[in-house]
Each structure stands twice: as C-alpha cells, then as structure tokens.
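Participant: If it helps, the file is called start.cif and holds mmCIF, C-alpha atoms and all ligand atoms:
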```cif
data_protein
loop_
_atom_site.label_atom_id
_atom_site.label_comp_id
_atom_site.auth_asym_id
_atom_site.auth_seq_id
_atom_site.Cartn_x
_atom_site.Cartn_y
_atom_site.Cartn_z
CA MET A 15 0.11 9.57 -22.08
CA ALA A 16 -1.93 11.05 -19.24
CA ASP A 17 -0.95 10.40 -15.63
CA THR A 18 -4.27 8.82 -14.71
CA PRO A 19 -4.43 5.92 -12.25
CA THR A 20 -4.66 3.63 -15.27
CA ALA A 21 -1.76 5.19 -17.21
CA PRO A 22 0.72 2.50 -18.31
CA VAL A 23 3.37 1.34 -15.86
CA VAL A 24 6.74 -0.28 -16.47
CA VAL A 25 7.66 -2.85 -13.83
CA ILE A 26 11.34 -3.82 -13.69
CA GLY A 27 12.43 -6.94 -11.81
CA LEU A 28 9.97 -9.80 -11.69
CA GLY A 29 10.72 -11.46 -8.37
CA ARG A 30 7.86 -12.16 -5.98
CA PHE A 31 7.09 -8.47 -5.38
CA GLY A 32 7.40 -7.31 -9.02
CA THR A 33 5.37 -10.25 -10.33
CA ALA A 34 2.55 -9.77 -7.81
CA LEU A 35 2.48 -6.05 -8.63
CA ALA A 36 2.52 -6.50 -12.42
CA VAL A 37 -0.15 -9.23 -12.38
CA GLU A 38 -2.43 -7.18 -10.10
CA LEU A 39 -2.03 -4.02 -12.22
CA ASP A 40 -2.84 -6.02 -15.35
CA ARG A 41 -5.87 -7.59 -13.65
CA ARG A 42 -7.09 -4.07 -12.81
CA GLY A 43 -6.85 -3.01 -16.45
CA THR A 44 -3.60 -1.01 -16.33
CA GLU A 45 -1.25 -1.58 -19.24
CA VAL A 46 1.99 -3.03 -17.91
CA LEU A 47 5.36 -3.51 -19.55
CA ALA A 48 7.14 -6.09 -17.36
CA ILE A 49 10.91 -6.44 -17.65
CA ASP A 50 13.36 -8.91 -16.17
CA GLY A 51 16.98 -9.68 -17.01
CA ASN A 52 16.48 -13.42 -16.61
CA PRO A 53 14.95 -15.07 -19.73
CA ALA A 54 13.70 -18.03 -17.65
CA VAL A 55 11.68 -15.65 -15.44
CA VAL A 56 10.25 -13.91 -18.51
CA GLN A 57 9.38 -17.22 -20.14
CA LYS A 58 7.51 -18.35 -17.02
CA LEU A 59 5.42 -15.19 -16.95
CA ALA A 60 4.71 -14.96 -20.67
CA GLY A 61 1.31 -16.63 -20.27
CA ARG A 62 0.28 -14.43 -17.32
CA LEU A 63 1.20 -10.99 -18.63
CA PRO A 64 0.63 -9.59 -22.14
CA HIS A 65 3.86 -7.57 -22.34
CA VAL A 66 6.84 -9.19 -20.69
CA VAL A 67 10.36 -8.85 -22.07
CA THR A 68 13.93 -9.79 -21.26
CA ALA A 69 16.27 -6.82 -20.84
CA ASP A 70 19.03 -5.58 -18.55
CA SER A 71 17.59 -2.43 -17.02
CA THR A 72 21.06 -1.08 -16.18
CA ASP A 73 21.75 -0.83 -19.91
CA ALA A 74 20.63 2.59 -21.17
CA GLU A 75 20.53 1.37 -24.77
CA ALA A 76 18.22 -1.52 -23.84
CA LEU A 77 15.84 0.90 -22.09
CA HIS A 78 15.94 3.20 -25.10
CA GLN A 79 15.00 0.33 -27.42
CA LEU A 80 12.02 -0.45 -25.23
CA ASP A 81 10.87 3.17 -25.62
CA ILE A 82 10.85 3.53 -21.84
CA THR A 83 10.40 7.31 -21.98
CA ALA A 84 6.88 6.75 -23.30
CA PHE A 85 6.03 5.61 -19.75
CA HIS A 86 5.51 8.19 -17.07
CA ARG A 87 5.35 5.67 -14.26
CA ALA A 88 7.92 3.02 -13.37
CA VAL A 89 8.47 0.60 -10.50
CA VAL A 90 11.97 -0.72 -9.82
CA ALA A 91 11.20 -4.00 -8.08
CA ILE A 92 14.74 -5.32 -8.04
CA GLY A 93 15.73 -6.02 -4.44
CA THR A 94 18.52 -8.49 -3.97
CA ASP A 95 20.86 -6.92 -6.53
CA ILE A 96 21.17 -3.52 -4.85
CA GLN A 97 23.62 -2.21 -7.42
CA ALA A 98 21.21 -3.00 -10.29
CA SER A 99 18.35 -1.42 -8.36
CA ILE A 100 20.28 1.83 -7.82
CA LEU A 101 21.65 2.01 -11.37
CA THR A 102 18.21 1.36 -12.85
CA THR A 103 16.57 4.02 -10.67
CA ALA A 104 19.26 6.56 -11.59
CA LEU A 105 18.85 5.78 -15.30
CA LEU A 106 15.06 6.19 -15.15
CA SER A 107 15.55 9.49 -13.35
CA ASP A 108 18.07 10.68 -15.99
CA LEU A 109 15.53 9.73 -18.65
CA GLY A 110 12.99 12.01 -16.96
CA ILE A 111 10.44 9.38 -15.92
CA ARG A 112 8.01 11.43 -13.85
CA ASP A 113 6.86 8.92 -11.22
CA ILE A 114 9.49 6.42 -10.09
CA TRP A 115 8.71 3.89 -7.36
CA ALA A 116 11.52 1.74 -6.03
CA LYS A 117 11.68 -1.20 -3.65
CA ALA A 118 14.27 -1.05 -0.86
CA VAL A 119 15.61 -3.94 1.18
CA ASN A 120 17.03 -1.83 4.01
CA ALA A 121 17.13 1.76 5.24
CA GLN A 122 20.49 2.53 3.62
CA HIS A 123 19.23 1.25 0.27
CA ALA A 124 16.07 3.37 0.69
CA GLY A 125 18.15 6.51 1.32
CA ILE A 126 20.27 5.98 -1.79
CA LEU A 127 17.20 5.28 -3.96
CA SER A 128 15.71 8.62 -2.92
CA ARG A 129 18.97 10.41 -3.63
CA VAL A 130 19.31 8.96 -7.13
CA GLY A 131 15.80 10.00 -8.09
CA ALA A 132 13.12 7.63 -6.74
CA HIS A 133 9.98 9.62 -5.95
CA HIS A 134 8.56 6.88 -3.71
CA VAL A 135 10.48 4.20 -1.87
CA VAL A 136 8.62 1.15 -0.60
CA PHE A 137 9.88 -1.28 1.99
CA PRO A 138 7.57 -4.28 1.56
CA GLU A 139 9.15 -6.53 4.19
CA ASN A 140 9.31 -3.80 6.83
CA ASP A 141 5.86 -2.42 6.04
CA MET A 142 4.28 -5.86 6.18
CA GLY A 143 6.10 -6.64 9.43
CA GLU A 144 4.71 -3.48 11.03
CA ARG A 145 1.25 -4.25 9.71
CA VAL A 146 1.24 -7.78 11.08
CA ALA A 147 2.47 -6.47 14.45
CA HIS A 148 -0.58 -4.21 14.55
CA LEU A 149 -2.89 -7.04 13.54
CA LEU A 150 -1.45 -9.20 16.32
CA SER A 151 -1.97 -6.62 19.04
CA GLY A 152 -5.22 -5.53 20.64
CA ARG A 153 -8.41 -5.97 18.64
CA ILE A 154 -7.13 -4.53 15.36
CA LEU A 155 -8.75 -6.51 12.54
CA ASP A 156 -7.20 -4.46 9.74
CA TYR A 157 -4.77 -1.59 9.63
CA VAL A 158 -3.70 0.89 6.95
CA GLU A 159 -1.14 3.57 7.69
CA VAL A 160 -2.14 6.45 5.41
CA ASP A 161 0.65 8.81 6.48
CA ALA A 162 3.67 8.70 8.81
CA ASP A 163 1.43 9.37 11.80
CA PHE A 164 -2.11 8.65 10.62
CA ALA A 165 -3.99 5.38 10.23
CA VAL A 166 -7.35 3.84 9.43
CA ILE A 167 -8.16 0.75 11.46
CA LYS A 168 -10.91 -1.82 11.57
CA THR A 169 -11.66 -2.81 15.15
CA THR A 170 -14.39 -3.21 17.79
CA PRO A 171 -15.18 -0.37 20.20
CA PRO A 172 -14.15 -0.19 23.87
CA ARG A 173 -17.05 -0.66 26.34
CA ASP A 174 -16.69 2.98 27.29
CA VAL A 175 -18.16 4.24 24.00
CA VAL A 176 -21.01 1.77 23.48
CA GLY A 177 -24.66 2.38 24.21
CA VAL A 178 -24.62 6.15 23.67
CA PRO A 179 -24.88 8.20 20.47
CA LEU A 180 -21.44 9.00 19.02
CA ARG A 181 -22.03 12.72 19.67
CA GLU A 182 -22.08 11.94 23.39
CA SER A 183 -19.27 9.44 23.46
CA LYS A 184 -16.49 12.09 23.50
CA LEU A 185 -14.56 10.17 20.85
CA ARG A 186 -12.61 13.21 19.72
CA SER A 187 -11.93 14.81 23.08
CA ARG A 188 -11.29 11.62 25.09
CA TRP A 189 -9.90 9.28 22.49
CA GLY A 190 -8.70 11.64 19.74
CA VAL A 191 -10.26 9.43 17.03
CA THR A 192 -13.18 9.53 14.61
CA VAL A 193 -15.48 6.60 13.85
CA VAL A 194 -16.33 6.82 10.16
CA ALA A 195 -18.30 3.62 9.52
CA VAL A 196 -19.97 0.82 11.44
CA LYS A 197 -20.94 -2.76 10.68
CA PRO A 198 -23.36 -3.92 13.38
CA GLN A 199 -22.72 -7.33 14.87
CA ALA A 200 -26.48 -7.86 15.11
CA PRO A 201 -28.19 -5.63 12.50
CA ALA A 202 -31.78 -4.57 13.26
CA PRO A 203 -34.39 -6.29 11.06
CA GLY A 204 -34.32 -4.66 7.62
CA ALA A 205 -31.14 -2.68 8.42
CA PRO A 206 -28.05 -2.99 6.17
CA ARG A 207 -25.81 -5.93 7.05
CA GLY A 208 -22.55 -4.34 5.88
CA PHE A 209 -20.79 -1.09 6.74
CA THR A 210 -22.76 2.16 6.85
CA TYR A 211 -21.48 5.67 7.50
CA ALA A 212 -21.46 6.63 11.14
CA THR A 213 -23.48 9.72 12.10
CA PRO A 214 -23.64 11.69 15.37
CA ASP A 215 -26.77 9.62 16.17
CA THR A 216 -25.11 6.23 15.66
CA VAL A 217 -25.14 4.10 18.80
CA LEU A 218 -22.44 1.43 18.90
CA ALA A 219 -22.94 -1.97 20.47
CA TYR A 220 -20.15 -4.06 22.00
CA GLY A 221 -18.83 -6.33 19.24
CA ASP A 222 -19.82 -4.02 16.35
CA ILE A 223 -17.06 -3.54 13.82
CA VAL A 224 -15.96 0.05 13.29
CA LEU A 225 -13.62 1.89 10.95
CA VAL A 226 -11.69 4.43 12.96
CA VAL A 227 -9.28 7.12 11.78
CA GLY A 228 -6.78 9.12 13.77
CA ALA A 229 -3.17 9.47 14.85
CA ILE A 230 -1.49 6.07 15.16
CA ASP A 231 -0.99 6.18 18.94
CA LYS A 232 -4.63 7.25 19.39
CA VAL A 233 -6.18 4.54 17.20
CA GLU A 234 -3.92 1.96 18.87
CA ARG A 235 -5.07 3.04 22.33
CA PHE A 236 -8.71 2.88 21.14
CA ALA A 237 -8.23 -0.68 19.86
CA GLU A 238 -6.29 -1.86 22.89
CA THR A 239 -8.80 -0.71 25.51
CA ASP A 240 -11.57 -3.12 26.42
P1 LIG A 301 11.79 -10.48 -4.64
O1 LIG A 301 12.45 -10.41 -3.27
O2 LIG A 301 10.57 -9.60 -4.77
O3 LIG A 301 11.54 -11.89 -5.11
P2 LIG A 301 14.30 -10.15 -6.08
O4 LIG A 301 15.18 -9.00 -5.82
O5 LIG A 301 14.72 -11.47 -5.55
O6 LIG A 301 12.84 -9.76 -5.64
O7 LIG A 301 14.08 -10.35 -7.66
C1 LIG A 301 14.32 -9.33 -8.52
C2 LIG A 301 14.22 -9.72 -9.99
O8 LIG A 301 14.93 -8.67 -10.65
C3 LIG A 301 14.87 -11.03 -10.40
O9 LIG A 301 13.94 -11.81 -11.15
C4 LIG A 301 16.06 -10.59 -11.28
O10 LIG A 301 16.26 -11.43 -12.41
C5 LIG A 301 15.65 -9.20 -11.72
N1 LIG A 301 16.79 -8.35 -12.01
C6 LIG A 301 17.91 -8.19 -11.26
N2 LIG A 301 18.77 -7.35 -11.88
C7 LIG A 301 18.17 -6.96 -13.04
C8 LIG A 301 18.54 -6.10 -14.12
N3 LIG A 301 19.71 -5.45 -14.14
N4 LIG A 301 17.66 -5.94 -15.14
C9 LIG A 301 16.47 -6.58 -15.14
N5 LIG A 301 16.07 -7.41 -14.15
C10 LIG A 301 16.90 -7.60 -13.12
#
```
Would you mind writing the file out in structure tokens?
Facilitator:
Amino acid sequence: MADTPTAPVVVIGLGRFGTALAVELDRRGTEVLAIDGNPAVVQKLAGRLPHVVTADSTDAEALHQLDITAFHRAVVAIGTDIQASILTTALLSDLGIRDIWAKAVNAQHAGILSRVGAHHVVFPENDMGERVAHLLSGRILDYVEVDADFAVIKTTPPRDVVGVPLRESKLRSRWGVTVVAVKPQAPAPGAPRGFTYATPDTVLAYGDIVLVVGAIDKVERFAETD
C-alpha cells in the first residue's frame, strides 16, 4: 500500500470529530476503515460509510483480526476516554503503523500521545478556538496556520499599501508579509472576477481581498491596521 494522499486510512472512534473526518475522507475518494466500540454508533453510520465495524481498539487481538497492519495511516479520534486513546495509540505504534494521528483533549493528553508513538497530535477544540479568535479580530476573513509561526490569511489591505504597485509598497521591508493573490472588489471590465496571482505590478484598491503569507505577528498586524 503506497503512502499517497489517497492511501487507505483507519479511523478509530466515531464521535463528532472521527465521524466528520471519516465521512469527508470517504467523500474525497480515500478508502476508510471506520471503527468504534459502540455497536449503536456503528449501526448509525453503516449507511454513510462503506466500511464501518464494531471493535475495541484497545484489544490487540481485535486489531489483528481487522488486519490493521495493512494500513499505513491511522487516526485515533477517541477523546473522552483518555485511557482508551492512549492504549490504542500505543498499540498502533507497537504494530508499526507508519503515520499515526491522534486527537488530544488537553495539553497533558497531547504530551502522552506523542510519547507513546503518535506522529501527529491534533487539538481540534483548541485549534478551532484560536482560529475563531483570529477571525473575530481585525479584518481577517480566513486564517490558516501552516506552521507554529507562519500563517496564510485572507484579508483586505491597509490604506497604506493601496494605489501603488506592490513592488513600491514596501510590503516585505515595512510589513514583513507577502501578498500572493488578489480578488479585486471591483474588477475591471473583462478582468477575472476571482483570485489571480499578485505580481510586482499589481496595484491594490481599498476593499480588495488579498491572500497574505508571513509570520503570524506580521500578518496579524497587516490585517489589524486600517
Ligand atoms: P467527540 O468529542 O469527537 O464526539 P468522543 O471522544 O466523545 O469524541 O467519542 C469517541 C468515540 O470513540 C465514541 O463513539 C466511543 O464509542 C469511541 N471509543 C471509545 N473508546 C473506544 C475503544 N476502546 N475502541 C473503539 N472505540 C472507542
């Protein structure tokens, strides 16, 4: 089984997070084996997912019977039962699953998941809280943190940078950010209505929508300045 973006994924724990993840992966054409210990949960999802089974993921024999080692990617989406989440992650690690993602409910849980073998720990409640905080402040219309200190945001430009070509707007030296694409608020006749790549000749207008990349504090300052 190759580790391509569409390589099969086993999703364990079908609460809100696990279900949303499994259904979206399936919709995108990735083969998903979805597992939950509660038969009622499995029954409810049987019509929405092609491969959904009841099993206790802390039981090594049960995982063996499901031929779990055929999967190179697994997501442990159990949250509330921290013990089950940790045991399952440790078992998958012992079985040599190459790419283990695990959901944490707090920082301590996240630390333990990493120590028992999770390669990626996600913190959906925290991450979404931070994201919404960004969306609520300044003019940030969308926000994706791509690394601990780097983000892509969708916003409108400060007055300071409009009306001159980007090459003259000192975006890098004054603001420390890069504008990568622009969607004009009032496109010229015949011009594209959606986003186009920004070039050094692009002239922004007040109210245009821009995609900006840079360090988090820099993109925040850009989006919070009128
Ligand atoms: P969410 O907050 O995303 O709704 P929960 O932690 O509430 O997530 O739900 C996790 C799911 O994991 C539940 O449906 C539960 O039945 C399942 N689960 C818990 N322990 C195990 C286990 N040992 N094996 C398989 N599934 C489990």
Participant: For ligand LIG 301 (chain A), return the neighbouring residues as a ChimeraX atom specification (distance at most 10 Å; all atoms listed in the file).
Facilitator: /A:25-35,48-56,67-73,76-77,90-102,117-119,138-139
Participant: Expressed in Å to a single decimal, how great is the separation between CA of Phe137 in chain A and CA of His123 in chain A?
Facilitator: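 Distance between the two atoms: 9.8 Å.
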Participant: Could you jot down the CA of Trp115 in chain A to CA of Asp231 in chain A separation for me, Å, one decimal place?
Facilitator: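 These two atoms are separated by 28.1 Å.
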Participant: Determine, counting only C-alpha atoms, which protein, DNA and RNA residues have an atom within 8 Å of an atom of range 187-191 of chain A; residues of the same chain fewer than 2 positions away are not included. Present the result as a ChimeraX atom specification.
Facilitator: /A:184-185,193,226-229,232-233,235-236
Participant: Name the closest residue to Arg62 in chain A among the candidates A:Pro203, A:Asp113, A:Ala36, A:Ser128; distances are taken between atoms, counting all atoms listed in the file.
Facilitator: A:Ala36
Participant: Mind giving me the straight-line distance from CA of Leu47 in chain A to CA of Pro22 in chain A in Å, one decimal?
Facilitator: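 One can read the CA of Leu47 in chain A to CA of Pro22 in chain A distance as 7.7 Å.
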Participant: Calculated over all atoms listed in the file, which of the candidates A:Thr216, A:His133, A:Gly61, A:Thr20 has the smallest distance to Val37 in chain A?
Facilitator: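 Between A:Thr216, A:His133, A:Gly61, A:Thr20, the residue approaching Val37 in chain A most closely is A:Gly61.
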Participant: Give as a VMD selection string the set of residues within 12 Å of the point (-5.8, -6.1, 18.7), where distances use the file's coordinates and all atoms listed in the file.
Facilitator: chain A and resid 145 to 157 167 to 172 233 to 240
Participant: Contacts of Arg112 in chain A at 10 Å or less, counting only C-alpha atoms, minus same-chain residues fewer than 3 places along, as a PyMOL selection string?
Facilitator: chain A and resi 17+83+85-88+106-107+109+115+131-133
Participant: Using all atoms listed in the file, which of A:Leu225, A:Val196, A:Ile82, A:Leu39 sits nearest Pro64 in chain A?
Facilitator: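 Comparing A:Leu225, A:Val196, A:Ile82, A:Leu39 against Pro64 in chain A, the winner is A:Leu39.
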Participant: Between A:Ala212, A:Val166, A:Ile126, A:Val23, which residue has the minimum interatomic distance to Glu38 in chain A, considering all atoms listed in the file?
Facilitator: A:Val23
Participant: Keeping all heavy atoms, write range 208-219 of chain A of the structure just shown out as a compact mmCIF listing (two decimals), in the first residue's frame.
Facilitator:
```
# COMPACT_ATOMS: atom_id res chain seq x y z
N GLY A 208 -12.40 36.36 -9.90
CA GLY A 208 -11.92 35.65 -8.71
C GLY A 208 -10.50 36.07 -8.35
O GLY A 208 -10.04 37.15 -8.71
N PHE A 209 -9.80 35.18 -7.64
CA PHE A 209 -8.42 35.47 -7.25
C PHE A 209 -7.48 35.30 -8.45
O PHE A 209 -7.65 34.38 -9.26
CB PHE A 209 -7.97 34.49 -6.16
CG PHE A 209 -8.39 34.92 -4.79
CD1 PHE A 209 -9.49 34.34 -4.17
CD2 PHE A 209 -7.68 35.91 -4.11
CE1 PHE A 209 -9.88 34.74 -2.91
CE2 PHE A 209 -8.07 36.32 -2.85
CZ PHE A 209 -9.17 35.74 -2.24
N THR A 210 -6.50 36.19 -8.55
CA THR A 210 -5.40 36.00 -9.51
C THR A 210 -4.10 36.19 -8.74
O THR A 210 -4.09 36.84 -7.70
CB THR A 210 -5.42 37.03 -10.66
OG1 THR A 210 -5.55 38.32 -10.08
CG2 THR A 210 -6.55 36.78 -11.63
N TYR A 211 -3.02 35.62 -9.28
CA TYR A 211 -1.73 35.77 -8.61
C TYR A 211 -1.34 37.24 -8.59
O TYR A 211 -1.55 37.96 -9.56
CB TYR A 211 -0.64 35.00 -9.36
CG TYR A 211 -0.87 33.52 -9.35
CD1 TYR A 211 -1.17 32.83 -10.52
CD2 TYR A 211 -0.80 32.82 -8.15
CE1 TYR A 211 -1.39 31.47 -10.49
CE2 TYR A 211 -1.03 31.45 -8.12
CZ TYR A 211 -1.33 30.79 -9.30
OH TYR A 211 -1.55 29.45 -9.27
N ALA A 212 -0.76 37.66 -7.49
CA ALA A 212 -0.24 39.02 -7.42
C ALA A 212 1.12 39.06 -8.11
O ALA A 212 1.87 38.09 -8.06
CB ALA A 212 -0.09 39.42 -5.96
N THR A 213 1.41 40.17 -8.77
CA THR A 213 2.73 40.37 -9.39
C THR A 213 3.29 41.68 -8.85
O THR A 213 2.57 42.45 -8.22
CB THR A 213 2.61 40.47 -10.94
OG1 THR A 213 1.99 41.73 -11.23
CG2 THR A 213 1.80 39.33 -11.54
N PRO A 214 4.56 41.97 -9.13
CA PRO A 214 5.12 43.25 -8.65
C PRO A 214 4.35 44.45 -9.19
O PRO A 214 4.37 45.52 -8.61
CB PRO A 214 6.56 43.22 -9.18
CG PRO A 214 6.87 41.76 -9.35
CD PRO A 214 5.59 41.12 -9.76
N ASP A 215 3.63 44.25 -10.33
CA ASP A 215 2.89 45.37 -10.94
C ASP A 215 1.47 45.51 -10.39
O ASP A 215 0.77 46.48 -10.71
CB ASP A 215 2.77 45.16 -12.46
CG ASP A 215 4.14 45.14 -13.10
OD1 ASP A 215 5.00 45.91 -12.62
OD2 ASP A 215 4.34 44.36 -14.05
N THR A 216 1.02 44.54 -9.60
CA THR A 216 -0.36 44.60 -9.09
C THR A 216 -0.56 45.84 -8.23
O THR A 216 0.27 46.15 -7.36
CB THR A 216 -0.66 43.34 -8.23
OG1 THR A 216 -0.47 42.19 -9.05
CG2 THR A 216 -2.07 43.35 -7.67
N VAL A 217 -1.66 46.54 -8.49
CA VAL A 217 -2.00 47.71 -7.67
C VAL A 217 -3.27 47.36 -6.89
O VAL A 217 -4.30 47.04 -7.48
CB VAL A 217 -2.25 48.96 -8.56
CG1 VAL A 217 -2.68 50.15 -7.69
CG2 VAL A 217 -1.01 49.29 -9.37
N LEU A 218 -3.18 47.39 -5.58
CA LEU A 218 -4.33 47.04 -4.76
C LEU A 218 -5.24 48.25 -4.57
O LEU A 218 -4.77 49.38 -4.52
CB LEU A 218 -3.88 46.55 -3.38
CG LEU A 218 -2.96 45.34 -3.33
CD1 LEU A 218 -2.58 45.01 -1.89
CD2 LEU A 218 -3.65 44.14 -3.98
N ALA A 219 -6.55 47.95 -4.46
CA ALA A 219 -7.51 49.01 -4.14
C ALA A 219 -8.04 48.72 -2.74
O ALA A 219 -8.05 47.56 -2.28
CB ALA A 219 -8.65 49.00 -5.16
```
